[in-house]
$ cat target_4.pdb   # PDB, C-alpha atoms and all ligand atoms
ATOM      1  CA  MET A   1      56.124  98.510  29.801
ATOM      2  CA  ARG A   2      57.533  99.519  33.202
ATOM      3  CA  LEU A   3      58.554  96.592  35.384
ATOM      4  CA  ILE A   4      60.249  96.124  38.747
ATOM      5  CA  PHE A   5      62.083  92.880  39.547
ATOM      6  CA  LEU A   6      61.917  92.266  43.286
ATOM      7  CA  GLY A   7      63.462  89.433  45.287
ATOM      8  CA  PRO A   8      66.325  88.391  47.541
ATOM      9  CA  PRO A   9      69.988  88.607  46.529
ATOM     10  CA  GLY A  10      70.927  85.771  44.194
ATOM     11  CA  ALA A  11      67.336  85.026  43.185
ATOM     12  CA  GLY A  12      68.208  85.436  39.508
ATOM     13  CA  LYS A  13      66.857  88.969  38.995
ATOM     14  CA  GLY A  14      69.836  90.145  36.956
ATOM     15  CA  THR A  15      69.939  86.975  34.844
ATOM     16  CA  GLN A  16      66.262  87.267  34.000
ATOM     17  CA  ALA A  17      66.141  91.065  33.671
ATOM     18  CA  HIS A  18      68.782  90.892  30.946
ATOM     19  CA  ARG A  19      66.804  88.264  28.973
ATOM     20  CA  VAL A  20      63.329  89.741  29.513
ATOM     21  CA  ALA A  21      64.557  93.243  28.606
ATOM     22  CA  GLU A  22      65.854  91.845  25.313
ATOM     23  CA  GLY A  23      62.523  90.104  24.709
ATOM     24  CA  LEU A  24      60.550  93.295  25.327
ATOM     25  CA  GLY A  25      62.988  95.719  23.688
ATOM     26  CA  ILE A  26      63.388  97.883  26.790
ATOM     27  CA  PRO A  27      66.491  98.679  28.888
ATOM     28  CA  HIS A  28      67.563  96.658  31.922
ATOM     29  CA  ILE A  29      68.420  99.169  34.643
ATOM     30  CA  SER A  30      70.354  97.633  37.534
ATOM     31  CA  THR A  31      71.359  99.956  40.376
ATOM     32  CA  GLY A  32      73.898  97.331  41.532
ATOM     33  CA  ASP A  33      75.561  97.326  38.079
ATOM     34  CA  MET A  34      75.533 101.140  37.967
ATOM     35  CA  LEU A  35      77.173 101.355  41.396
ATOM     36  CA  ARG A  36      79.805  98.732  40.437
ATOM     37  CA  ALA A  37      80.551 100.733  37.248
ATOM     38  CA  ASN A  38      81.101 103.826  39.435
ATOM     39  CA  ILE A  39      83.446 101.852  41.697
ATOM     40  CA  ALA A  40      85.376 100.532  38.672
ATOM     41  CA  SER A  41      85.857 104.027  37.253
ATOM     42  CA  GLY A  42      86.761 105.541  40.647
ATOM     43  CA  THR A  43      84.044 108.217  40.836
ATOM     44  CA  ALA A  44      83.156 109.982  44.113
ATOM     45  CA  LEU A  45      79.871 108.058  44.136
ATOM     46  CA  GLY A  46      81.763 104.781  43.670
ATOM     47  CA  ARG A  47      84.114 105.601  46.556
ATOM     48  CA  GLU A  48      81.177 106.389  48.824
ATOM     49  CA  ALA A  49      79.260 103.242  47.785
ATOM     50  CA  ALA A  50      82.103 100.699  47.964
ATOM     51  CA  THR A  51      82.385 100.320  51.749
ATOM     52  CA  ARG A  52      78.650  99.858  52.167
ATOM     53  CA  MET A  53      78.357  97.410  49.285
ATOM     54  CA  ASN A  54      81.289  95.297  50.439
ATOM     55  CA  ALA A  55      79.626  94.995  53.857
ATOM     56  CA  GLY A  56      76.254  94.086  52.323
ATOM     57  CA  GLU A  57      74.595  97.303  53.530
ATOM     58  CA  LEU A  58      72.456  99.603  51.416
ATOM     59  CA  VAL A  59      74.009 102.675  49.791
ATOM     60  CA  PRO A  60      72.343 105.899  51.128
ATOM     61  CA  ASP A  61      68.981 106.655  49.511
ATOM     62  CA  ALA A  62      69.900 110.164  48.353
ATOM     63  CA  LEU A  63      72.794 108.823  46.241
ATOM     64  CA  VAL A  64      70.855 105.948  44.703
ATOM     65  CA  ILE A  65      67.685 107.943  44.052
ATOM     66  CA  SER A  66      69.488 110.734  42.177
ATOM     67  CA  MET A  67      71.564 108.208  40.175
ATOM     68  CA  LEU A  68      68.397 106.332  39.217
ATOM     69  CA  ALA A  69      66.412 109.501  38.439
ATOM     70  CA  GLU A  70      68.996 110.516  35.867
ATOM     71  CA  ARG A  71      69.084 107.062  34.236
ATOM     72  CA  ILE A  72      65.349 106.516  34.127
ATOM     73  CA  THR A  73      64.662 109.768  32.309
ATOM     74  CA  ALA A  74      67.134 108.961  29.497
ATOM     75  CA  ALA A  75      65.631 108.666  26.002
ATOM     76  CA  ASP A  76      65.995 104.866  25.772
ATOM     77  CA  ALA A  77      63.779 104.419  28.838
ATOM     78  CA  ALA A  78      60.875 106.468  27.451
ATOM     79  CA  ALA A  79      58.962 103.374  26.282
ATOM     80  CA  GLY A  80      59.631 101.421  29.463
ATOM     81  CA  PHE A  81      62.310  99.683  31.515
ATOM     82  CA  ILE A  82      63.050  96.892  33.949
ATOM     83  CA  LEU A  83      64.272  98.076  37.337
ATOM     84  CA  ASP A  84      66.530  95.467  38.955
ATOM     85  CA  GLY A  85      67.578  96.242  42.545
ATOM     86  CA  PHE A  86      65.472  99.394  42.891
ATOM     87  CA  PRO A  87      63.475 100.244  44.922
ATOM     88  CA  ARG A  88      65.030  98.569  47.940
ATOM     89  CA  ASN A  89      63.135 100.221  50.773
ATOM     90  CA  LEU A  90      60.000 102.256  51.373
ATOM     91  CA  ALA A  91      61.718 105.633  50.883
ATOM     92  CA  GLN A  92      62.926 104.567  47.421
ATOM     93  CA  ALA A  93      59.499 103.153  46.495
ATOM     94  CA  LEU A  94      57.808 106.423  47.479
ATOM     95  CA  ALA A  95      60.404 108.443  45.544
ATOM     96  CA  LEU A  96      59.649 106.353  42.450
ATOM     97  CA  GLU A  97      55.899 106.607  42.938
ATOM     98  CA  THR A  98      55.986 110.397  43.215
ATOM     99  CA  SER A  99      58.432 110.854  40.319
ATOM    100  CA  SER A 100      57.341 111.802  36.817
ATOM    101  CA  VAL A 101      58.320 108.494  35.142
ATOM    102  CA  GLY A 102      54.761 107.160  35.050
ATOM    103  CA  THR A 103      53.033 104.225  36.673
ATOM    104  CA  ILE A 104      54.614 100.812  37.170
ATOM    105  CA  ASP A 105      52.806  98.027  35.265
ATOM    106  CA  ARG A 106      53.964  94.939  37.203
ATOM    107  CA  VAL A 107      56.298  93.989  40.055
ATOM    108  CA  VAL A 108      57.789  90.548  39.362
ATOM    109  CA  LEU A 109      58.500  88.866  42.699
ATOM    110  CA  PHE A 110      61.139  86.091  42.584
ATOM    111  CA  ILE A 111      60.450  83.184  44.949
ATOM    112  CA  VAL A 112      63.537  81.096  45.829
ATOM    113  CA  ASP A 113      64.442  79.396  49.125
ATOM    114  CA  GLU A 114      67.466  80.474  51.172
ATOM    115  CA  ASP A 115      69.630  77.346  50.625
ATOM    116  CA  GLU A 116      69.322  77.770  46.868
ATOM    117  CA  ILE A 117      70.183  81.480  47.174
ATOM    118  CA  VAL A 118      73.405  80.717  49.049
ATOM    119  CA  ARG A 119      74.277  77.967  46.528
ATOM    120  CA  ARG A 120      73.713  80.332  43.595
ATOM    121  CA  ILE A 121      75.682  83.227  45.040
ATOM    122  CA  ASP A 122      78.519  80.975  46.182
ATOM    123  CA  GLY A 123      78.972  79.636  42.635
ATOM    124  CA  ARG A 124      78.538  82.964  40.853
ATOM    125  CA  ARG A 125      81.465  84.346  38.860
ATOM    126  CA  GLY A 126      81.468  87.338  36.543
ATOM    127  CA  CYS A 127      83.644  89.531  34.353
ATOM    128  CA  ASN A 128      84.104  93.305  34.524
ATOM    129  CA  GLN A 129      81.590  93.802  31.723
ATOM    130  CA  GLY A 130      78.793  92.234  33.788
ATOM    131  CA  HIS A 131      78.550  88.803  32.106
ATOM    132  CA  THR A 132      77.558  86.311  34.785
ATOM    133  CA  TYR A 133      78.172  82.557  35.129
ATOM    134  CA  HIS A 134      77.624  79.847  37.717
ATOM    135  CA  LEU A 135      80.358  77.278  38.372
ATOM    136  CA  ASP A 136      77.910  74.330  38.269
ATOM    137  CA  ASP A 137      74.796  75.499  36.430
ATOM    138  CA  HIS A 138      76.192  77.804  33.780
ATOM    139  CA  PRO A 139      79.976  77.350  33.567
ATOM    140  CA  PRO A 140      82.050  79.213  30.966
ATOM    141  CA  SER A 141      83.500  77.079  28.131
ATOM    142  CA  GLN A 142      87.022  77.736  29.448
ATOM    143  CA  PRO A 143      87.428  77.851  33.265
ATOM    144  CA  GLY A 144      87.910  81.382  34.622
ATOM    145  CA  VAL A 145      87.450  83.172  31.285
ATOM    146  CA  CYS A 146      84.378  85.011  29.959
ATOM    147  CA  ASP A 147      82.966  83.443  26.759
ATOM    148  CA  VAL A 148      81.827  86.838  25.460
ATOM    149  CA  ASP A 149      84.881  89.057  25.916
ATOM    150  CA  GLY A 150      87.719  86.811  27.153
ATOM    151  CA  GLU A 151      88.026  88.776  30.424
ATOM    152  CA  PRO A 152      88.918  86.971  33.676
ATOM    153  CA  LEU A 153      86.004  85.765  35.799
ATOM    154  CA  VAL A 154      86.061  86.757  39.466
ATOM    155  CA  GLN A 155      83.872  86.509  42.545
ATOM    156  CA  ARG A 156      82.106  89.712  43.648
ATOM    157  CA  PRO A 157      83.584  91.128  46.908
ATOM    158  CA  ASP A 158      80.098  91.005  48.493
ATOM    159  CA  ASP A 159      79.568  87.323  47.615
ATOM    160  CA  SER A 160      81.456  85.870  50.613
ATOM    161  CA  GLU A 161      79.315  83.797  52.956
ATOM    162  CA  VAL A 162      79.406  86.337  55.822
ATOM    163  CA  VAL A 163      78.355  89.189  53.554
ATOM    164  CA  ILE A 164      75.652  87.074  51.865
ATOM    165  CA  ARG A 165      74.087  86.434  55.297
ATOM    166  CA  ASN A 166      74.058  90.182  56.012
ATOM    167  CA  ARG A 167      72.583  90.971  52.568
ATOM    168  CA  LEU A 168      69.768  88.516  53.315
ATOM    169  CA  LYS A 169      69.171  90.204  56.702
ATOM    170  CA  VAL A 170      69.076  93.633  55.062
ATOM    171  CA  TYR A 171      66.703  92.273  52.396
ATOM    172  CA  ARG A 172      64.278  90.964  55.026
ATOM    173  CA  ARG A 173      64.385  94.174  57.061
ATOM    174  CA  GLU A 174      64.398  96.830  54.320
ATOM    175  CA  THR A 175      63.114  95.302  51.080
ATOM    176  CA  GLU A 176      60.599  92.612  52.026
ATOM    177  CA  PRO A 177      58.055  95.223  53.265
ATOM    178  CA  LEU A 178      57.788  96.337  49.626
ATOM    179  CA  ILE A 179      55.906  93.099  48.864
ATOM    180  CA  ASP A 180      52.930  94.420  50.885
ATOM    181  CA  PHE A 181      53.413  97.925  49.484
ATOM    182  CA  TYR A 182      53.044  96.688  45.887
ATOM    183  CA  ASP A 183      50.480  94.010  46.768
ATOM    184  CA  GLU A 184      48.176  96.771  48.063
ATOM    185  CA  ARG A 185      48.527  98.352  44.615
ATOM    186  CA  GLY A 186      47.644  95.057  42.872
ATOM    187  CA  LEU A 187      50.984  94.876  41.067
ATOM    188  CA  ILE A 188      52.666  91.730  42.413
ATOM    189  CA  LEU A 189      53.301  88.867  39.999
ATOM    190  CA  GLU A 190      54.871  85.879  41.780
ATOM    191  CA  ILE A 191      57.349  83.743  39.853
ATOM    192  CA  LYS A 192      58.810  80.509  41.213
ATOM    193  CA  ALA A 193      62.364  81.158  40.074
ATOM    194  CA  LEU A 194      63.578  77.542  40.117
ATOM    195  CA  GLY A 195      64.551  75.357  37.190
ATOM    196  CA  PRO A 196      66.083  76.179  33.812
ATOM    197  CA  VAL A 197      66.754  79.863  33.154
ATOM    198  CA  GLN A 198      64.937  79.833  29.790
ATOM    199  CA  HIS A 199      61.757  78.388  31.354
ATOM    200  CA  ILE A 200      61.687  81.169  33.924
ATOM    201  CA  THR A 201      62.174  83.768  31.174
ATOM    202  CA  ARG A 202      59.229  82.283  29.240
ATOM    203  CA  GLN A 203      57.020  82.327  32.379
ATOM    204  CA  ILE A 204      57.818  85.996  33.006
ATOM    205  CA  LEU A 205      57.324  87.063  29.389
ATOM    206  CA  ASP A 206      53.989  85.223  29.123
ATOM    207  CA  ALA A 207      52.775  86.656  32.425
ATOM    208  CA  VAL A 208      53.694  90.304  31.771
ATOM    209  CA  ARG A 209      52.269  90.185  28.235
ATOM    210  CA  ALA A 210      48.954  88.628  29.393
TER     211      ALA A 210
HETATM  212  P1  LIG A 301      72.739  94.100  43.484
HETATM  213  O1  LIG A 301      73.772  94.056  42.464
HETATM  214  O2  LIG A 301      71.366  94.593  43.132
HETATM  215  O3  LIG A 301      72.686  92.684  44.171
HETATM  216  P2  LIG A 301      71.482  91.794  44.753
HETATM  217  O4  LIG A 301      70.112  92.377  44.794
HETATM  218  O5  LIG A 301      71.998  91.361  46.065
HETATM  219  O6  LIG A 301      71.273  90.736  43.712
HETATM  220  P3  LIG A 301      72.361  89.845  43.051
HETATM  221  O7  LIG A 301      73.015  90.586  41.943
HETATM  222  O8  LIG A 301      73.235  89.228  44.095
HETATM  223  O9  LIG A 301      71.454  88.646  42.540
HETATM  224  P4  LIG A 301      70.446  88.492  41.347
HETATM  225  O10 LIG A 301      69.062  88.282  41.930
HETATM  226  O11 LIG A 301      70.594  89.544  40.311
HETATM  227  O12 LIG A 301      70.939  87.074  40.823
HETATM  228  P5  LIG A 301      71.795  86.678  39.507
HETATM  229  O13 LIG A 301      70.915  86.788  38.304
HETATM  230  O14 LIG A 301      73.105  87.357  39.494
HETATM  231  O15 LIG A 301      73.208  95.012  44.718
HETATM  232  C1  LIG A 301      74.488  94.889  45.277
HETATM  233  C2  LIG A 301      74.664  95.952  46.355
HETATM  234  O16 LIG A 301      74.563  97.267  45.765
HETATM  235  C3  LIG A 301      73.637  95.948  47.484
HETATM  236  O17 LIG A 301      73.954  95.022  48.503
HETATM  237  C4  LIG A 301      73.706  97.397  47.949
HETATM  238  O18 LIG A 301      74.855  97.604  48.753
HETATM  239  C5  LIG A 301      73.914  98.166  46.647
HETATM  240  N1  LIG A 301      72.647  98.607  46.041
HETATM  241  C6  LIG A 301      72.143  98.211  44.836
HETATM  242  N2  LIG A 301      70.960  98.803  44.619
HETATM  243  C7  LIG A 301      70.712  99.581  45.686
HETATM  244  C8  LIG A 301      69.623 100.415  46.042
HETATM  245  N3  LIG A 301      68.549 100.558  45.267
HETATM  246  N4  LIG A 301      69.698 101.085  47.225
HETATM  247  C9  LIG A 301      70.764 100.959  48.040
HETATM  248  N5  LIG A 301      71.829 100.165  47.764
HETATM  249  C10 LIG A 301      71.782  99.478  46.593
HETATM  250  O19 LIG A 301      71.982  85.112  39.816
HETATM  251  C11 LIG A 301      72.781  84.670  40.901
HETATM  252  C12 LIG A 301      73.522  83.389  40.494
HETATM  253  O20 LIG A 301      72.568  82.349  40.256
HETATM  254  C13 LIG A 301      74.331  83.517  39.172
HETATM  255  O21 LIG A 301      75.501  82.753  39.294
HETATM  256  C14 LIG A 301      73.411  82.915  38.108
HETATM  257  O22 LIG A 301      74.136  82.357  37.036
HETATM  258  C15 LIG A 301      72.687  81.835  38.925
HETATM  259  N6  LIG A 301      71.321  81.591  38.452
HETATM  260  C16 LIG A 301      70.430  82.500  37.994
HETATM  261  N7  LIG A 301      69.256  81.908  37.674
HETATM  262  C17 LIG A 301      69.429  80.570  37.931
HETATM  263  C18 LIG A 301      68.576  79.432  37.800
HETATM  264  N8  LIG A 301      67.331  79.524  37.333
HETATM  265  N9  LIG A 301      69.064  78.224  38.181
HETATM  266  C19 LIG A 301      70.352  78.109  38.673
HETATM  267  N10 LIG A 301      71.206  79.161  38.791
HETATM  268  C20 LIG A 301      70.743  80.381  38.434
END
$ encode --input "target_4.pdb" --output "structure tokens"
Amino acid sequence: MRLIFLGPPGAGKGTQAHRVAEGLGIPHISTGDMLRANIASGTALGREAATRMNAGELVPDALVISMLAERITAADAAAGFILDGFPRNLAQALALETSSVGTIDRVVLFIVDEDEIVRRIDGRRGCNQGHTYHLDDHPPSQPGVCDVDGEPLVQRPDDSEVVIRNRLKVYRRETEPLIDFYDERGLILEIKALGPVQHITRQILDAVRA
């Protein structure tokens, strides 16, 4: 099954993509995580992406599209995948549509209001390995330390309030038009992404399997 998770920053796409991917036995492919891994290992791509990401702007299409093209054609993605954070504008959606990966089955659209988005992002903390917590809703057992690997928990550089506001602006301008793009193709599946994480996972799994 080939799925796209679409929605504003902080809507819970990464949280759910991880759980749904496990449920379906397919990889969770997050362009944000891939770019952060490049920054952490100091690659040329990471150096080019960092300034844009820290300002809440999109990384240039050419870089993201070639990074994604390589990942999506890996053997573990042959039976399907969840794309989280890609496509993010019309150029990326067209590149995906004209690629050889096959047709997309569903686009899961996360519906969350803006106050809740800011609350979620403000409380988000994570470790270098990508394990994510929320200070109020999903705190680690020991403050500031990851339950899984014992690494320190930090705030993402693009999670400050000023940058969050810009990410939301960029989302509305660049990414929101994709709702119509995929609606015209009959692929949109709306999910009200409020309430307990496990309930949202169940809703998504039931809907994509129906
Ligand atoms: P990316 O990493 O994709 O960030 P994003 O889309 O802004 O999304 P987030 O990771 O902020 O949120 P999420 O929806 O995954 O929410 P999460 O599950 O973490 O991209 C970062 C940057 O990389 C971009 O700004 C851009 O610069 C660049 N980039 C990436 N892809 C690109 C592309 N294709 N083209 C160009 N540039 C690209 O949840 C958020 C918080 O809420 C967590 O604390 C979580 O614990 C909590 N939470 C989750 N669910 C619930 C719930 N049900 N109830 C309460 N709390 C919850």
$ residues_near_ligand --input "target_4.pdb" --ligand "ligand LIG 301 (chain A)" --cutoff "6 Å" --atoms "only C-alpha atoms and all ligand atoms" --output "JSON, numbers by chain"
{"A": [9, 10, 11, 12, 13, 14, 15, 31, 32, 33, 52, 53, 56, 57, 58, 59, 64, 85, 86, 87, 88, 120, 121, 123, 124, 132, 133, 134, 137, 138, 167, 193, 194, 195, 196, 197]}
$ resolve_selection --input "target_4.pdb" --expression "the PyMOL selection byres (((chain A and resi 204) around 10) and not hetatm)" --output "PyMOL selection string"
chain A and resi 16-17+20+108+189-193+198-203+205-210
$ atom_distance --input "target_4.pdb" --atom1 "atom CA of A:Arg172" --atom2 "atom CA of A:Ala40"
28.4 Å
$ resolve_selection --input "target_4.pdb" --expression "the PyMOL selection byres (((chain A and resi 168) around 10) and not hetatm)" --output "PDB file with C-alpha atoms, in the frame of the given file"
ATOM      1  CA  PRO A   8      66.325  88.391  47.541  1.00  0.00           C
ATOM      2  CA  PRO A   9      69.988  88.607  46.529  1.00  0.00           C
ATOM      3  CA  GLY A  10      70.927  85.771  44.194  1.00  0.00           C
ATOM      4  CA  GLY A  56      76.254  94.086  52.323  1.00  0.00           C
ATOM      5  CA  GLU A 114      67.466  80.474  51.172  1.00  0.00           C
ATOM      6  CA  ILE A 117      70.183  81.480  47.174  1.00  0.00           C
ATOM      7  CA  VAL A 118      73.405  80.717  49.049  1.00  0.00           C
ATOM      8  CA  VAL A 163      78.355  89.189  53.554  1.00  0.00           C
ATOM      9  CA  ILE A 164      75.652  87.074  51.865  1.00  0.00           C
ATOM     10  CA  ARG A 165      74.087  86.434  55.297  1.00  0.00           C
ATOM     11  CA  ASN A 166      74.058  90.182  56.012  1.00  0.00           C
ATOM     12  CA  ARG A 167      72.583  90.971  52.568  1.00  0.00           C
ATOM     13  CA  LYS A 169      69.171  90.204  56.702  1.00  0.00           C
ATOM     14  CA  VAL A 170      69.076  93.633  55.062  1.00  0.00           C
ATOM     15  CA  TYR A 171      66.703  92.273  52.396  1.00  0.00           C
ATOM     16  CA  ARG A 172      64.278  90.964  55.026  1.00  0.00           C
ATOM     17  CA  ARG A 173      64.385  94.174  57.061  1.00  0.00           C
ATOM     18  CA  GLU A 174      64.398  96.830  54.320  1.00  0.00           C
ATOM     19  CA  THR A 175      63.114  95.302  51.080  1.00  0.00           C
TER      20      THR A 175
END
$ closest_residue --input "target_4.pdb" --among "A:His131, A:Phe81, A:Asp183, A:Gly126" --to "A:Glu22" --atoms "all atoms listed in the file"
A:Phe81
$ closest_atom_pairs --input "target_4.pdb" --of "stretch 128-192 of chain A" --to "stretch 95-105 of chain A" --cutoff "12 Å" --atoms "all atoms listed in the file" --output "JSON lines"
{"residue": "A:Phe181", "atom": "CA", "partner": "A:Glu97", "partner_atom": "CA", "distance": 11.2}
{"residue": "A:Tyr182", "atom": "CA", "partner": "A:Ile104", "partner_atom": "CA", "distance": 9.8}
{"residue": "A:Arg185", "atom": "CA", "partner": "A:Ile104", "partner_atom": "CA", "distance": 9.9}
{"residue": "A:Gly186", "atom": "CA", "partner": "A:Asp105", "partner_atom": "CA", "distance": 9.7}
{"residue": "A:Leu187", "atom": "CA", "partner": "A:Asp105", "partner_atom": "CA", "distance": 6.8}
{"residue": "A:Ile188", "atom": "CA", "partner": "A:Asp105", "partner_atom": "CA", "distance": 9.5}
{"residue": "A:Leu189", "atom": "CA", "partner": "A:Asp105", "partner_atom": "CA", "distance": 10.3}
$ atom_distance --input "target_4.pdb" --atom1 "atom CA of A:Ser160" --atom2 "atom CA of A:Asp122"
7.2 Å
$ atom_distance --input "target_4.pdb" --atom1 "atom CA of A:Ala21" --atom2 "atom CA of A:Asp147"
20.9 Å
$ resolve_selection --input "target_4.pdb" --expression "the PyMOL selection byres (((chain A and resi 146) around 10) and not hetatm)" --output "list in words"
Arg125, Gly126, Cys127, Asn128, Gln129, Gly130, His131, Thr132, Tyr133, Pro139, Pro140, Ser141, Gln142, Pro143, Gly144, Val145, Asp147, Val148, Asp149, Gly150, Glu151, Pro152, Leu153 and Val154 of chain A
$ write_last_selection --input "target_4.pdb" --atoms "C-alpha atoms" --output "tab-separated table (two decimals), in the coordinates of the input"
chain	number	residue	atom	x	y	z
A	125	ARG	CA	81.46	84.35	38.86
A	126	GLY	CA	81.47	87.34	36.54
A	127	CYS	CA	83.64	89.53	34.35
A	128	ASN	CA	84.10	93.30	34.52
A	129	GLN	CA	81.59	93.80	31.72
A	130	GLY	CA	78.79	92.23	33.79
A	131	HIS	CA	78.55	88.80	32.11
A	132	THR	CA	77.56	86.31	34.78
A	133	TYR	CA	78.17	82.56	35.13
A	139	PRO	CA	79.98	77.35	33.57
A	140	PRO	CA	82.05	79.21	30.97
A	141	SER	CA	83.50	77.08	28.13
A	142	GLN	CA	87.02	77.74	29.45
A	143	PRO	CA	87.43	77.85	33.26
A	144	GLY	CA	87.91	81.38	34.62
A	145	VAL	CA	87.45	83.17	31.28
A	147	ASP	CA	82.97	83.44	26.76
A	148	VAL	CA	81.83	86.84	25.46
A	149	ASP	CA	84.88	89.06	25.92
A	150	GLY	CA	87.72	86.81	27.15
A	151	GLU	CA	88.03	88.78	30.42
A	152	PRO	CA	88.92	86.97	33.68
A	153	LEU	CA	86.00	85.76	35.80
A	154	VAL	CA	86.06	86.76	39.47
$ closest_residue --input "target_4.pdb" --among "A:Glu184, A:Glu70, A:Glu176, A:Asp158" --to "A:Leu109" --atoms "only C-alpha atoms"
A:Glu176
$ residues_near_point --input "target_4.pdb" --point "(82.6, 93.7, 45.4)" --cutoff "6 Å" --atoms "all atoms listed in the file" --output "ChimeraX atom specification"
/A:54,156-158
$ closest_residue --input "target_4.pdb" --among "A:Asp136, A:Pro27, A:Met1, A:Pro177" --to "A:Asp76" --atoms "all atoms listed in the file"
A:Pro27
$ closest_residue --input "target_4.pdb" --among "A:Asp113, A:Asp84, A:Ser41, A:Ala93" --to "A:His18" --atoms "all atoms listed in the file"
A:Asp84
$ residues_around --input "target_4.pdb" --residues "A:Gly46" --least-positions-apart "6" --cutoff "7 Å" --atoms "only C-alpha atoms" --output "PyMOL selection string"
chain A and resi 35+38-39
